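Text of work_38.tsv (TSV, C-alpha atoms) as supplied:
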```tsv
chain	number	residue	atom	x	y	z
A	1	MET	CA	186.11	48.30	220.18
A	2	GLU	CA	183.29	48.84	217.74
A	3	LYS	CA	182.57	51.31	215.00
A	4	LEU	CA	179.46	53.42	215.25
A	5	GLY	CA	177.97	55.14	212.25
A	6	LYS	CA	180.34	56.85	209.85
A	7	GLN	CA	183.39	57.79	211.90
A	8	THR	CA	182.96	57.08	215.59
A	9	ILE	CA	184.71	54.36	217.61
A	10	LYS	CA	183.15	53.06	220.83
A	11	PHE	CA	185.40	51.38	223.39
A	12	ASP	CA	184.40	48.15	225.17
A	13	THR	CA	186.69	48.75	228.13
A	14	PRO	CA	186.98	52.53	228.16
A	15	PRO	CA	190.47	53.74	229.13
A	16	THR	CA	190.74	55.87	232.25
A	17	ILE	CA	192.53	59.20	232.24
A	18	LEU	CA	194.67	58.28	235.22
A	19	GLU	CA	196.71	61.40	235.77
A	20	CYS	CA	197.67	64.54	233.94
A	21	SER	CA	200.13	67.33	234.34
A	22	SER	CA	201.06	70.59	232.69
A	23	ILE	CA	203.78	73.19	232.55
A	24	VAL	CA	203.19	76.62	231.01
A	25	GLY	CA	205.16	79.75	230.24
A	26	PRO	CA	205.01	83.18	231.84
A	27	LYS	CA	202.19	84.64	229.71
A	28	GLU	CA	199.88	81.69	230.38
A	29	ALA	CA	200.73	82.00	234.07
A	30	GLN	CA	199.05	85.40	234.07
A	31	GLY	CA	195.89	84.08	232.43
A	32	PRO	CA	192.65	83.04	234.10
A	33	LEU	CA	193.64	79.33	234.17
A	34	ALA	CA	196.91	79.93	236.03
A	35	LYS	CA	195.98	78.10	239.21
A	36	TYR	CA	195.25	74.85	237.38
A	37	PHE	CA	198.73	74.38	235.96
A	38	ASP	CA	201.22	72.22	237.83
A	39	LYS	CA	204.17	74.42	237.11
A	40	THR	CA	204.67	77.85	235.57
A	41	LEU	CA	207.90	79.19	234.16
A	42	GLU	CA	209.31	82.62	234.77
A	43	ASP	CA	211.04	83.00	231.42
A	44	GLU	CA	210.78	81.48	227.97
A	45	PHE	CA	214.30	80.05	227.90
A	46	TRP	CA	214.23	78.09	231.19
A	47	GLY	CA	218.00	78.17	231.37
A	48	GLU	CA	218.50	76.83	227.81
A	49	ASN	CA	220.21	78.70	225.00
A	50	SER	CA	217.54	78.21	222.32
A	51	TRP	CA	213.76	78.11	222.27
A	52	GLU	CA	213.77	74.66	220.74
A	53	LYS	CA	215.86	73.33	223.62
A	54	ALA	CA	213.60	75.11	226.08
A	55	GLU	CA	210.56	73.44	224.51
A	56	SER	CA	212.25	70.03	224.71
A	57	LYS	CA	213.01	70.65	228.36
A	58	ILE	CA	209.41	71.65	229.03
A	59	ILE	CA	208.00	68.39	227.64
A	60	LYS	CA	210.75	66.33	229.28
A	61	GLU	CA	210.22	67.81	232.74
A	62	ASN	CA	206.46	67.64	232.34
A	63	VAL	CA	206.51	63.94	231.47
A	64	SER	CA	208.82	63.07	234.35
A	65	MET	CA	206.61	65.10	236.69
A	66	LEU	CA	203.58	63.22	235.37
A	67	ILE	CA	205.18	59.83	235.85
A	68	SER	CA	206.18	60.56	239.45
A	69	LYS	CA	202.76	62.05	240.17
A	70	SER	CA	200.91	59.05	238.79
A	71	GLY	CA	202.87	56.44	240.70
A	72	VAL	CA	202.99	54.26	237.59
A	73	SER	CA	206.53	53.02	237.03
A	74	THR	CA	208.13	53.73	233.67
A	75	THR	CA	208.42	50.03	232.91
A	76	ASP	CA	204.64	49.68	233.17
A	77	ILE	CA	204.04	52.26	230.46
A	78	ASP	CA	203.76	50.40	227.16
A	79	CYS	CA	204.15	53.29	224.77
A	80	VAL	CA	204.17	57.04	224.30
A	81	PHE	CA	202.21	59.04	221.76
A	82	ALA	CA	203.68	62.50	221.54
A	83	GLY	CA	204.17	65.32	219.11
A	84	ASP	CA	204.63	69.05	218.73
A	85	LEU	CA	204.63	71.77	216.11
A	86	LEU	CA	208.26	71.79	215.06
A	87	ASN	CA	209.89	70.06	212.10
A	88	GLN	CA	210.34	66.33	212.65
A	89	CYS	CA	208.71	66.75	216.08
A	90	ILE	CA	212.11	67.61	217.54
A	91	SER	CA	210.76	68.86	220.86
A	92	SER	CA	209.13	65.56	221.74
A	93	SER	CA	211.74	63.28	220.22
A	94	PHE	CA	214.66	65.05	221.91
A	95	GLY	CA	212.69	65.72	225.08
A	96	LEU	CA	211.61	62.09	225.47
A	97	ARG	CA	214.75	60.29	224.28
A	98	ASP	CA	215.84	59.44	227.82
A	99	ILE	CA	212.63	57.89	229.13
A	100	ASN	CA	213.13	54.55	227.33
A	101	ILE	CA	209.53	53.90	226.39
A	102	PRO	CA	208.47	52.90	222.84
A	103	PHE	CA	207.69	56.15	221.08
A	104	PHE	CA	205.11	57.06	218.45
A	105	GLY	CA	205.81	60.53	217.10
A	106	ILE	CA	202.64	62.14	215.79
A	107	PHE	CA	201.77	65.40	214.14
A	108	GLY	CA	198.29	66.90	214.21
A	109	ALA	CA	199.16	70.59	214.68
A	110	CYS	CA	196.50	71.94	217.04
A	111	SER	CA	194.89	68.52	217.40
A	112	THR	CA	198.06	66.64	218.38
A	113	PHE	CA	197.02	66.05	221.98
A	114	VAL	CA	193.58	64.74	221.14
A	115	GLU	CA	195.11	62.64	218.38
A	116	ALA	CA	197.54	61.19	220.94
A	117	MET	CA	194.71	60.37	223.34
A	118	SER	CA	192.64	58.80	220.54
A	119	LEU	CA	195.51	56.60	219.39
A	120	GLY	CA	196.40	55.86	222.99
A	121	SER	CA	192.86	54.69	223.69
A	122	ILE	CA	192.97	52.40	220.68
A	123	ALA	CA	196.30	51.02	221.91
A	124	ILE	CA	194.74	50.30	225.29
A	125	GLU	CA	191.87	48.41	223.65
A	126	GLY	CA	194.54	46.47	221.80
A	127	PHE	CA	197.68	45.61	223.68
A	128	ALA	CA	198.63	48.27	226.19
A	129	LYS	CA	198.02	48.61	229.92
A	130	ASN	CA	199.26	52.16	230.32
A	131	VAL	CA	199.87	54.73	227.60
A	132	LEU	CA	201.47	58.11	227.98
A	133	CYS	CA	200.28	60.98	225.76
A	134	ALA	CA	202.16	64.24	225.60
A	135	THR	CA	202.47	67.38	223.57
A	136	SER	CA	204.23	70.71	223.72
A	137	SER	CA	204.40	74.04	221.98
A	138	HIS	CA	206.40	77.20	222.45
A	139	PHE	CA	205.35	80.64	221.28
A	140	CYS	CA	208.86	81.68	220.31
A	141	SER	CA	209.87	78.51	218.47
A	142	ALA	CA	206.54	78.47	216.61
A	143	GLU	CA	206.83	82.11	215.57
A	144	LYS	CA	210.37	81.45	214.43
A	145	GLN	CA	209.39	78.45	212.32
A	146	PHE	CA	206.09	79.64	210.88
A	147	ARG	CA	206.03	83.42	210.98
A	148	PHE	CA	208.57	86.18	211.56
A	149	PRO	CA	211.45	86.78	213.96
A	150	LEU	CA	210.22	88.08	217.30
A	151	GLU	CA	212.24	91.29	217.10
A	152	LEU	CA	210.73	92.22	213.74
A	153	GLY	CA	208.66	95.37	214.14
A	154	ASN	CA	205.41	94.25	212.49
A	155	GLN	CA	201.80	94.48	213.57
A	156	ARG	CA	199.50	91.57	214.42
A	157	PRO	CA	195.95	91.80	213.11
A	158	PRO	CA	193.15	91.37	215.68
A	159	THR	CA	192.35	87.88	214.39
A	160	SER	CA	195.85	86.49	214.97
A	161	GLN	CA	196.37	83.93	217.70
A	162	TRP	CA	199.07	83.40	220.25
A	163	THR	CA	200.73	79.97	220.45
A	164	VAL	CA	200.77	78.62	223.98
A	165	THR	CA	204.15	78.07	225.59
A	166	GLY	CA	203.84	74.88	227.55
A	167	SER	CA	203.28	71.17	227.63
A	168	GLY	CA	200.40	68.92	228.57
A	169	ALA	CA	200.66	65.21	229.29
A	170	THR	CA	198.42	62.45	230.51
A	171	ILE	CA	198.56	58.75	231.31
A	172	LEU	CA	195.75	56.56	230.03
A	173	SER	CA	195.21	53.29	231.83
A	174	LYS	CA	193.27	50.10	231.26
A	175	ASN	CA	192.49	49.90	234.97
A	176	GLY	CA	190.98	52.82	236.76
A	177	ASN	CA	187.78	54.42	237.87
A	178	GLY	CA	187.50	57.14	235.27
A	179	PRO	CA	187.17	59.70	233.93
A	180	TYR	CA	186.80	57.45	230.91
A	181	ILE	CA	187.27	57.95	227.21
A	182	THR	CA	184.18	56.15	225.92
A	183	HIS	CA	184.03	57.25	222.27
A	184	ILE	CA	186.29	58.94	219.79
A	185	THR	CA	185.30	60.53	216.50
A	186	PRO	CA	188.31	61.22	214.31
A	187	GLY	CA	187.53	64.14	212.01
A	188	LYS	CA	187.93	64.60	208.30
A	189	ILE	CA	190.02	67.37	206.82
A	190	VAL	CA	187.64	70.17	205.95
A	191	ASP	CA	189.15	73.04	204.00
A	192	MET	CA	186.89	75.95	203.18
A	193	GLY	CA	189.68	77.81	201.42
A	194	ILE	CA	190.63	80.34	204.10
A	195	LYS	CA	194.05	81.68	203.08
A	196	ASP	CA	194.65	84.17	205.90
A	197	ALA	CA	197.41	82.73	208.11
A	198	ASN	CA	196.36	85.18	210.79
A	199	ASN	CA	192.85	83.82	211.01
A	200	MET	CA	193.32	80.19	211.97
A	201	GLY	CA	190.08	80.03	213.92
A	202	ALA	CA	188.06	80.68	210.77
A	203	ALA	CA	190.08	78.07	208.88
A	204	MET	CA	189.51	75.37	211.51
A	205	ALA	CA	185.95	76.03	212.66
A	206	PRO	CA	184.23	74.16	209.74
A	207	ALA	CA	186.28	71.02	210.49
A	208	PHE	CA	185.38	71.21	214.16
A	209	CYS	CA	181.67	71.51	213.37
A	210	ASP	CA	181.84	68.71	210.82
A	211	THR	CA	183.41	66.36	213.39
A	212	LEU	CA	181.03	67.44	216.13
A	213	ILE	CA	177.91	66.94	214.02
A	214	THR	CA	179.18	63.59	212.74
A	215	HIS	CA	179.70	62.60	216.37
A	216	PHE	CA	176.12	63.56	217.23
A	217	ASN	CA	174.78	61.60	214.25
A	218	ASP	CA	176.94	58.53	214.91
A	219	THR	CA	176.11	58.32	218.61
A	220	GLY	CA	172.51	59.49	218.33
A	221	ARG	CA	173.15	62.14	220.94
A	222	VAL	CA	172.19	65.79	221.05
A	223	PRO	CA	174.30	68.76	222.29
A	224	SER	CA	172.35	68.96	225.57
A	225	TYR	CA	173.53	65.40	226.44
A	226	TYR	CA	176.91	66.90	227.31
A	227	ASP	CA	177.92	68.99	230.32
A	228	ALA	CA	180.60	70.60	228.21
A	229	ILE	CA	181.63	70.58	224.56
A	230	ILE	CA	185.17	71.84	224.19
A	231	SER	CA	187.18	72.64	221.08
A	232	GLY	CA	190.93	72.96	221.14
A	233	ASP	CA	192.14	75.95	219.35
A	234	LEU	CA	189.61	78.16	217.62
A	235	GLY	CA	190.01	81.42	219.53
A	236	TYR	CA	187.30	84.01	220.10
A	237	ILE	CA	186.37	84.49	216.46
A	238	GLY	CA	186.58	80.81	215.63
A	239	LYS	CA	184.37	80.02	218.61
A	240	ASP	CA	181.71	82.44	217.39
A	241	ILE	CA	181.94	81.00	213.89
A	242	ALA	CA	181.60	77.46	215.25
A	243	ILE	CA	178.46	78.39	217.17
A	244	ASP	CA	177.02	79.99	214.02
A	245	ILE	CA	177.84	77.05	211.78
A	246	ALA	CA	176.41	74.52	214.25
A	247	LYS	CA	173.27	76.65	214.47
A	248	SER	CA	172.90	76.77	210.70
A	249	GLN	CA	173.01	72.95	210.70
A	250	GLY	CA	170.34	72.79	213.38
A	251	TYR	CA	172.46	72.28	216.52
A	252	ASN	CA	172.43	74.74	219.38
A	253	ILE	CA	175.73	74.43	221.23
A	254	LYS	CA	175.85	77.94	222.64
A	255	SER	CA	175.12	77.12	226.29
A	256	ASN	CA	177.61	74.32	226.93
A	257	TYR	CA	180.33	74.96	224.35
A	258	ASN	CA	183.70	76.49	225.10
A	259	ASP	CA	187.06	76.81	223.41
A	260	CYS	CA	190.42	76.24	225.10
A	261	ARG	CA	192.14	79.04	223.26
A	262	SER	CA	189.64	81.66	224.33
A	263	SER	CA	190.19	80.56	227.94
A	264	TYR	CA	193.97	80.82	228.07
A	265	PHE	CA	194.78	84.51	227.91
B	1	MET	CA	171.82	81.31	205.31
B	2	ASN	CA	174.26	78.46	205.43
B	3	PRO	CA	177.81	79.86	205.61
B	4	LEU	CA	179.28	76.53	204.47
B	5	GLU	CA	177.40	76.49	201.17
B	6	SER	CA	180.58	77.22	199.20
B	7	ASN	CA	184.09	78.51	199.82
B	8	LYS	CA	182.96	81.90	198.57
B	9	THR	CA	180.02	82.27	200.94
B	10	TYR	CA	182.20	81.12	203.81
B	11	GLN	CA	184.91	83.66	202.96
B	12	ASN	CA	182.30	86.43	202.86
B	13	TYR	CA	180.84	85.25	206.14
B	14	VAL	CA	184.29	85.16	207.79
B	15	ASP	CA	185.15	88.63	206.47
B	16	LYS	CA	181.99	89.96	208.03
B	17	LYS	CA	182.64	88.13	211.28
B	18	SER	CA	186.31	89.03	211.77
B	19	PRO	CA	187.12	92.38	213.32
B	20	ASN	CA	189.09	94.68	211.05
B	21	SER	CA	192.38	96.26	212.02
B	22	PRO	CA	191.82	99.73	213.47
B	23	ILE	CA	192.89	101.42	210.22
B	24	LEU	CA	192.36	105.04	211.25
B	25	LYS	CA	194.34	104.66	214.48
B	26	ASN	CA	197.07	102.68	212.70
B	27	CYS	CA	197.36	105.29	209.95
B	28	PHE	CA	197.53	108.13	212.46
B	29	ASN	CA	200.27	106.44	214.50
B	30	ALA	CA	202.17	105.46	211.35
B	31	PHE	CA	201.91	109.06	210.12
B	32	TRP	CA	203.34	110.79	213.17
B	33	VAL	CA	206.00	108.19	214.02
B	34	GLY	CA	207.11	108.01	210.37
B	35	GLY	CA	207.13	111.80	210.26
B	36	LEU	CA	209.15	111.94	213.46
B	37	ILE	CA	211.76	109.53	212.07
B	38	CYS	CA	212.04	111.59	208.88
B	39	THR	CA	212.32	114.79	210.93
B	40	ILE	CA	215.16	113.28	212.94
B	41	GLY	CA	216.81	112.39	209.62
B	42	GLN	CA	216.36	115.94	208.38
B	43	ILE	CA	217.84	117.38	211.59
B	44	ILE	CA	220.91	115.15	211.21
B	45	LEU	CA	221.16	116.19	207.57
B	46	ASN	CA	221.01	119.89	208.42
B	47	ILE	CA	223.62	119.54	211.15
B	48	CYS	CA	225.94	117.71	208.71
B	49	ILE	CA	225.55	120.39	206.04
B	50	GLU	CA	226.12	123.06	208.72
B	51	ARG	CA	229.37	121.31	209.63
B	52	GLY	CA	230.59	121.54	206.04
B	53	PHE	CA	229.71	118.14	204.47
B	54	ASP	CA	228.27	118.21	200.97
B	55	THR	CA	224.65	117.11	200.49
B	56	GLN	CA	225.44	113.62	199.22
B	57	THR	CA	227.81	112.78	202.06
B	58	SER	CA	225.32	114.19	204.55
B	59	GLY	CA	222.61	111.90	203.13
B	60	THR	CA	224.90	108.90	203.58
B	61	ILE	CA	225.59	109.91	207.17
B	62	VAL	CA	221.85	110.17	207.85
B	63	SER	CA	221.29	106.61	206.50
B	64	ILE	CA	224.17	105.23	208.53
B	65	LEU	CA	222.97	106.83	211.74
B	66	LEU	CA	219.32	105.80	211.32
B	67	ILE	CA	220.37	102.22	210.51
B	68	ALA	CA	222.65	102.14	213.54
B	69	ILE	CA	219.95	103.51	215.86
B	70	SER	CA	217.36	101.06	214.51
B	71	ALA	CA	219.73	98.09	214.81
B	72	PHE	CA	220.59	99.11	218.35
B	73	LEU	CA	216.92	99.44	219.35
B	74	THR	CA	216.21	96.04	217.75
B	75	GLY	CA	218.95	94.55	219.90
B	76	LEU	CA	217.39	96.09	223.00
B	77	ASN	CA	214.05	94.47	222.09
B	78	LEU	CA	212.52	97.94	221.74
B	79	PHE	CA	212.07	98.28	217.99
B	80	ASN	CA	209.39	95.56	217.82
B	81	LYS	CA	207.40	97.56	220.36
B	82	ILE	CA	207.74	100.71	218.27
B	83	GLY	CA	206.82	98.69	215.17
B	84	LYS	CA	203.77	97.19	216.84
B	85	PHE	CA	202.59	100.70	217.63
B	86	ALA	CA	203.60	102.53	214.46
B	87	GLY	CA	203.37	99.81	211.77
B	88	ALA	CA	204.40	101.20	208.41
B	89	GLY	CA	205.58	104.40	210.14
B	90	SER	CA	208.71	102.68	211.39
B	91	LEU	CA	208.76	99.95	208.72
B	92	ILE	CA	208.91	102.03	205.54
B	93	PRO	CA	211.85	104.32	206.47
B	94	ILE	CA	215.34	102.81	206.38
B	95	THR	CA	214.84	101.93	210.06
B	96	GLY	CA	212.47	99.12	209.05
B	97	PHE	CA	214.99	97.73	206.61
B	98	ALA	CA	217.68	97.65	209.29
B	99	ASN	CA	215.24	95.94	211.66
B	100	SER	CA	214.33	93.32	209.04
B	101	ILE	CA	217.98	92.28	208.81
B	102	VAL	CA	218.97	92.51	212.46
B	103	SER	CA	215.93	90.62	213.78
B	104	PRO	CA	216.54	87.36	211.84
B	105	ALA	CA	220.23	87.65	212.69
B	106	MET	CA	219.28	87.63	216.36
B	107	GLU	CA	216.61	84.97	215.92
B	108	TYR	CA	218.86	82.48	214.14
B	109	LYS	CA	221.97	83.06	216.26
B	110	SER	CA	221.05	79.89	218.14
B	111	GLU	CA	221.65	77.91	214.92
B	112	GLY	CA	225.28	79.02	214.72
B	113	TYR	CA	227.12	81.96	213.20
B	114	VAL	CA	227.65	80.60	209.68
B	115	MET	CA	224.47	78.69	208.81
B	116	GLY	CA	222.33	80.53	211.34
B	117	VAL	CA	223.23	84.22	211.34
B	118	GLY	CA	224.96	84.18	207.96
B	119	GLY	CA	222.53	81.94	206.15
B	120	LYS	CA	219.27	83.27	207.48
B	121	MET	CA	220.00	86.95	208.03
B	122	PHE	CA	218.16	87.89	204.84
B	123	THR	CA	215.05	85.72	205.18
B	124	VAL	CA	212.88	88.81	205.65
B	125	ALA	CA	214.82	91.42	203.66
B	126	GLY	CA	215.79	88.97	200.88
B	127	PRO	CA	212.81	89.66	198.57
B	128	VAL	CA	213.33	93.42	198.94
B	129	LEU	CA	216.96	93.03	197.93
B	130	VAL	CA	216.30	90.65	195.02
B	131	PHE	CA	213.52	92.70	193.45
B	132	GLY	CA	215.05	96.06	194.41
B	133	ILE	CA	218.35	95.20	192.77
B	134	SER	CA	216.63	93.55	189.77
B	135	ALA	CA	214.49	96.63	189.25
B	136	SER	CA	217.49	98.94	189.44
B	137	ILE	CA	219.34	96.81	186.86
B	138	ILE	CA	216.38	96.93	184.46
B	139	VAL	CA	216.07	100.69	184.91
B	140	GLY	CA	219.82	100.99	184.37
B	141	ILE	CA	219.60	99.06	181.07
B	142	ILE	CA	216.70	101.22	179.84
B	143	PHE	CA	218.65	104.31	180.83
B	144	LEU	CA	221.72	103.03	178.95
B	145	ILE	CA	219.74	102.24	175.78
B	146	PHE	CA	218.11	105.65	175.68
B	147	ASN	CA	221.36	107.41	176.46
B	148	THR	CA	223.26	105.70	173.64
B	149	GLN	CA	220.44	106.73	171.28
B	150	ASN	CA	221.15	110.32	172.31
B	151	ILE	CA	217.77	110.67	173.96
B	152	THR	CA	218.20	112.47	177.24
B	153	LEU	CA	215.88	111.19	179.94
B	154	VAL	CA	217.08	112.98	183.02
```
Once you've parsed the file, please lay out its structure as structure tokens.
Amino acid sequence: MEKLGKQTIKFDTPPTILECSSIVGPKEAQGPLAKYFDKTLEDEFWGENSWEKAESKIIKENVSMLISKSGVSTTDIDCVFAGDLLNQCISSSFGLRDINIPFFGIFGACSTFVEAMSLGSIAIEGFAKNVLCATSSHFCSAEKQFRFPLELGNQRPPTSQWTVTGSGATILSKNGNGPYITHITPGKIVDMGIKDANNMGAAMAPAFCDTLITHFNDTGRVPSYYDAIISGDLGYIGKDIAIDIAKSQGYNIKSNYNDCRSSYF
Amino acid sequence: MNPLESNKTYQNYVDKKSPNSPILKNCFNAFWVGGLICTIGQIILNICIERGFDTQTSGTIVSILLIAISAFLTGLNLFNKIGKFAGAGSLIPITGFANSIVSPAMEYKSEGYVMGVGGKMFTVAGPVLVFGISASIIVGIIFLIFNTQNITLV
């Protein structure tokens, strides 16, 4: 493991993304990515009596599906990095309490999954052979915690985003034939003072561009080096803003850049 | 131009970039749905007066009925659809107030009846109650002061 430039870490033995799995809710199941998910749910409760319990069940079932899919036995997984959006990360900590693997609870809001994979990669360079990374979110539990009750008759502005109901998980392994995580560039917090809670894409886009450009500088690469540059959660407007900002800093990412959020629905 | 030059330039840039709410359409829908709700209220009021209730009692009956209908529609998961369409049209009349109390009650039922429903029922309507009641108390005090000074206000 070696540090490049200002913020980037380069791995000597790059961890392999061994296996991954996902479960999503009914709305995501109607989106353009539907066929790539391992399992889709028909209703938001999945037989539970609260959305929080449903979210816990989603991450729990997803992780056990992942483990059986990967063929790695639970005892060979050295630790879990997992988190979600709710207070005290209750979805992941309740959902994963039965798997008996050392647990690191993390919170990075929209970046939780990438944060888990970054920390997991570092763990693999250090002590671990296999690391499990997982995250979950639930539209209803997120609305309940951060916004308004679902039955409230209010209007959503066109810039507002829709929290994904679902869970994604992956196993990183020291041994494997790729795809590899070769570098990570943890980003700084960049706050340009956007106060509109319904325009998260605009609030996050400057941080994304800052990290991306730092990554280019640290590694000496240019945007065209990559087949795809993908951001997590900017949405349509945030994606446009990101392209604009990168352009104003002299980087053209338009042709190979995409955003997960603008692909989901 | 560099949009990241300062917070101010970025805010301006974002405002330009973000689509606005369709104000004209929203206003139109709010206008006719709000008008419809008020018309329904007026019809109920007229029927009550026809049946021999005095005006004040009839007004109370109108409020009770509109609240009941709104609460019922909230429970059926229909009011949020009306609200999404009509915005302030269904929010400003007493129907919106009923919805703002019933919806958290439903939302927090999963946290139990006492701390969930009871404790969090007013998370949305709370500010309206606090400042509405405070304002009415202040107005009441002003009214009292002027009245005792023999100045007739109303």
Interatomic distance between CA of Thr74 (chain B) and CA of Glu151 (chain A)?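 About the pair CA of Thr74 (chain B) and CA of Glu151 (chain A): they are 6.2 Å apart.
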Counting only C-alpha atoms, figure out which residue out of A:Thr219, A:Asn252, A:Ser64, A:Thr112 gets nearest to Thr182 (chain A). A:Thr219
Residue neighbourhood region 103-106 of chain B, 10 Å, only C-alpha atoms, exclusion window fewer than 3 positions, as a PDB file with C-alpha atoms, keeping the file's coordinate frame:
```pdb
ATOM      1  CA  LYS A 144     210.370  81.450 214.430  1.00  0.00           C
ATOM      2  CA  PHE A 148     208.570  86.180 211.560  1.00  0.00           C
ATOM      3  CA  PRO A 149     211.450  86.780 213.960  1.00  0.00           C
ATOM      4  CA  LEU A 150     210.220  88.080 217.300  1.00  0.00           C
ATOM      5  CA  GLU A 151     212.240  91.290 217.100  1.00  0.00           C
ATOM      6  CA  LEU A 152     210.730  92.220 213.740  1.00  0.00           C
ATOM      7  CA  GLY A 153     208.660  95.370 214.140  1.00  0.00           C
TER       8      GLY A 153
ATOM      9  CA  ALA B  71     219.730  98.090 214.810  1.00  0.00           C
ATOM     10  CA  THR B  74     216.210  96.040 217.750  1.00  0.00           C
ATOM     11  CA  GLY B  75     218.950  94.550 219.900  1.00  0.00           C
ATOM     12  CA  ASN B  77     214.050  94.470 222.090  1.00  0.00           C
ATOM     13  CA  PHE B  79     212.070  98.280 217.990  1.00  0.00           C
ATOM     14  CA  ASN B  80     209.390  95.560 217.820  1.00  0.00           C
ATOM     15  CA  ALA B  98     217.680  97.650 209.290  1.00  0.00           C
ATOM     16  CA  ASN B  99     215.240  95.940 211.660  1.00  0.00           C
ATOM     17  CA  SER B 100     214.330  93.320 209.040  1.00  0.00           C
ATOM     18  CA  LYS B 109     221.970  83.060 216.260  1.00  0.00           C
ATOM     19  CA  SER B 110     221.050  79.890 218.140  1.00  0.00           C
ATOM     20  CA  TYR B 113     227.120  81.960 213.200  1.00  0.00           C
ATOM     21  CA  GLY B 116     222.330  80.530 211.340  1.00  0.00           C
ATOM     22  CA  VAL B 117     223.230  84.220 211.340  1.00  0.00           C
ATOM     23  CA  GLY B 118     224.960  84.180 207.960  1.00  0.00           C
ATOM     24  CA  GLY B 119     222.530  81.940 206.150  1.00  0.00           C
ATOM     25  CA  LYS B 120     219.270  83.270 207.480  1.00  0.00           C
ATOM     26  CA  MET B 121     220.000  86.950 208.030  1.00  0.00           C
ATOM     27  CA  PHE B 122     218.160  87.890 204.840  1.00  0.00           C
ATOM     28  CA  THR B 123     215.050  85.720 205.180  1.00  0.00           C
ATOM     29  CA  VAL B 124     212.880  88.810 205.650  1.00  0.00           C
ATOM     30  CA  ALA B 125     214.820  91.420 203.660  1.00  0.00           C
TER      31      ALA B 125
END
```
Distance-based interface of chain A with chain B, 9 Å, counting all atoms listed in the file, as an MDAnalysis selection string: chainID A and resid 49:51 144 148:159 191:194 199 202 206 237 240:241 244:245 248:249
Rounded to one decimal in Å, what is the spacing between CA of Ser21 (chain A) and CA of Lys69 (chain A)? 8.3 Å
To one decimal in Å, tell me the separation between CA of Lys53 (chain A) and CA of Gly201 (chain A).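 Distance reported for this atom pair: 28.3 Å.
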Could you list, as a VMD selection string, every residue within 9 Å of region 120-137 of chain A, counting only C-alpha atoms and ignoring same-chain residues fewer than 6 positions away? chain A and resid 1 11 to 16 55 to 56 58 to 59 62 to 63 67 72 76 to 86 91 to 92 112 to 114 163 to 175 181 184
Using only C-alpha atoms and a cutoff of 10 Å, can you tell me which residues are near (219.3, 115.0, 211.1) in the file's coordinates, and write them out as a PDB file with C-alpha atoms, in the coordinates of the input?
```pdb
ATOM      1  CA  ILE B  37     211.760 109.530 212.070  1.00  0.00           C
ATOM      2  CA  CYS B  38     212.040 111.590 208.880  1.00  0.00           C
ATOM      3  CA  THR B  39     212.320 114.790 210.930  1.00  0.00           C
ATOM      4  CA  ILE B  40     215.160 113.280 212.940  1.00  0.00           C
ATOM      5  CA  GLY B  41     216.810 112.390 209.620  1.00  0.00           C
ATOM      6  CA  GLN B  42     216.360 115.940 208.380  1.00  0.00           C
ATOM      7  CA  ILE B  43     217.840 117.380 211.590  1.00  0.00           C
ATOM      8  CA  ILE B  44     220.910 115.150 211.210  1.00  0.00           C
ATOM      9  CA  LEU B  45     221.160 116.190 207.570  1.00  0.00           C
ATOM     10  CA  ASN B  46     221.010 119.890 208.420  1.00  0.00           C
ATOM     11  CA  ILE B  47     223.620 119.540 211.150  1.00  0.00           C
ATOM     12  CA  CYS B  48     225.940 117.710 208.710  1.00  0.00           C
ATOM     13  CA  ILE B  49     225.550 120.390 206.040  1.00  0.00           C
ATOM     14  CA  SER B  58     225.320 114.190 204.550  1.00  0.00           C
ATOM     15  CA  GLY B  59     222.610 111.900 203.130  1.00  0.00           C
ATOM     16  CA  ILE B  61     225.590 109.910 207.170  1.00  0.00           C
ATOM     17  CA  VAL B  62     221.850 110.170 207.850  1.00  0.00           C
ATOM     18  CA  SER B  63     221.290 106.610 206.500  1.00  0.00           C
ATOM     19  CA  LEU B  65     222.970 106.830 211.740  1.00  0.00           C
ATOM     20  CA  LEU B  66     219.320 105.800 211.320  1.00  0.00           C
TER      21      LEU B  66
END
```
Skip Pro186 (chain A) itself and residues of its chain fewer than 4 positions away, then list as an MDAnalysis selection string all residues within 12 Å of it, counting only C-alpha atoms. chainID A and resid 3:4 6:10 108 111:112 114:119 122 207:208 210:215 218
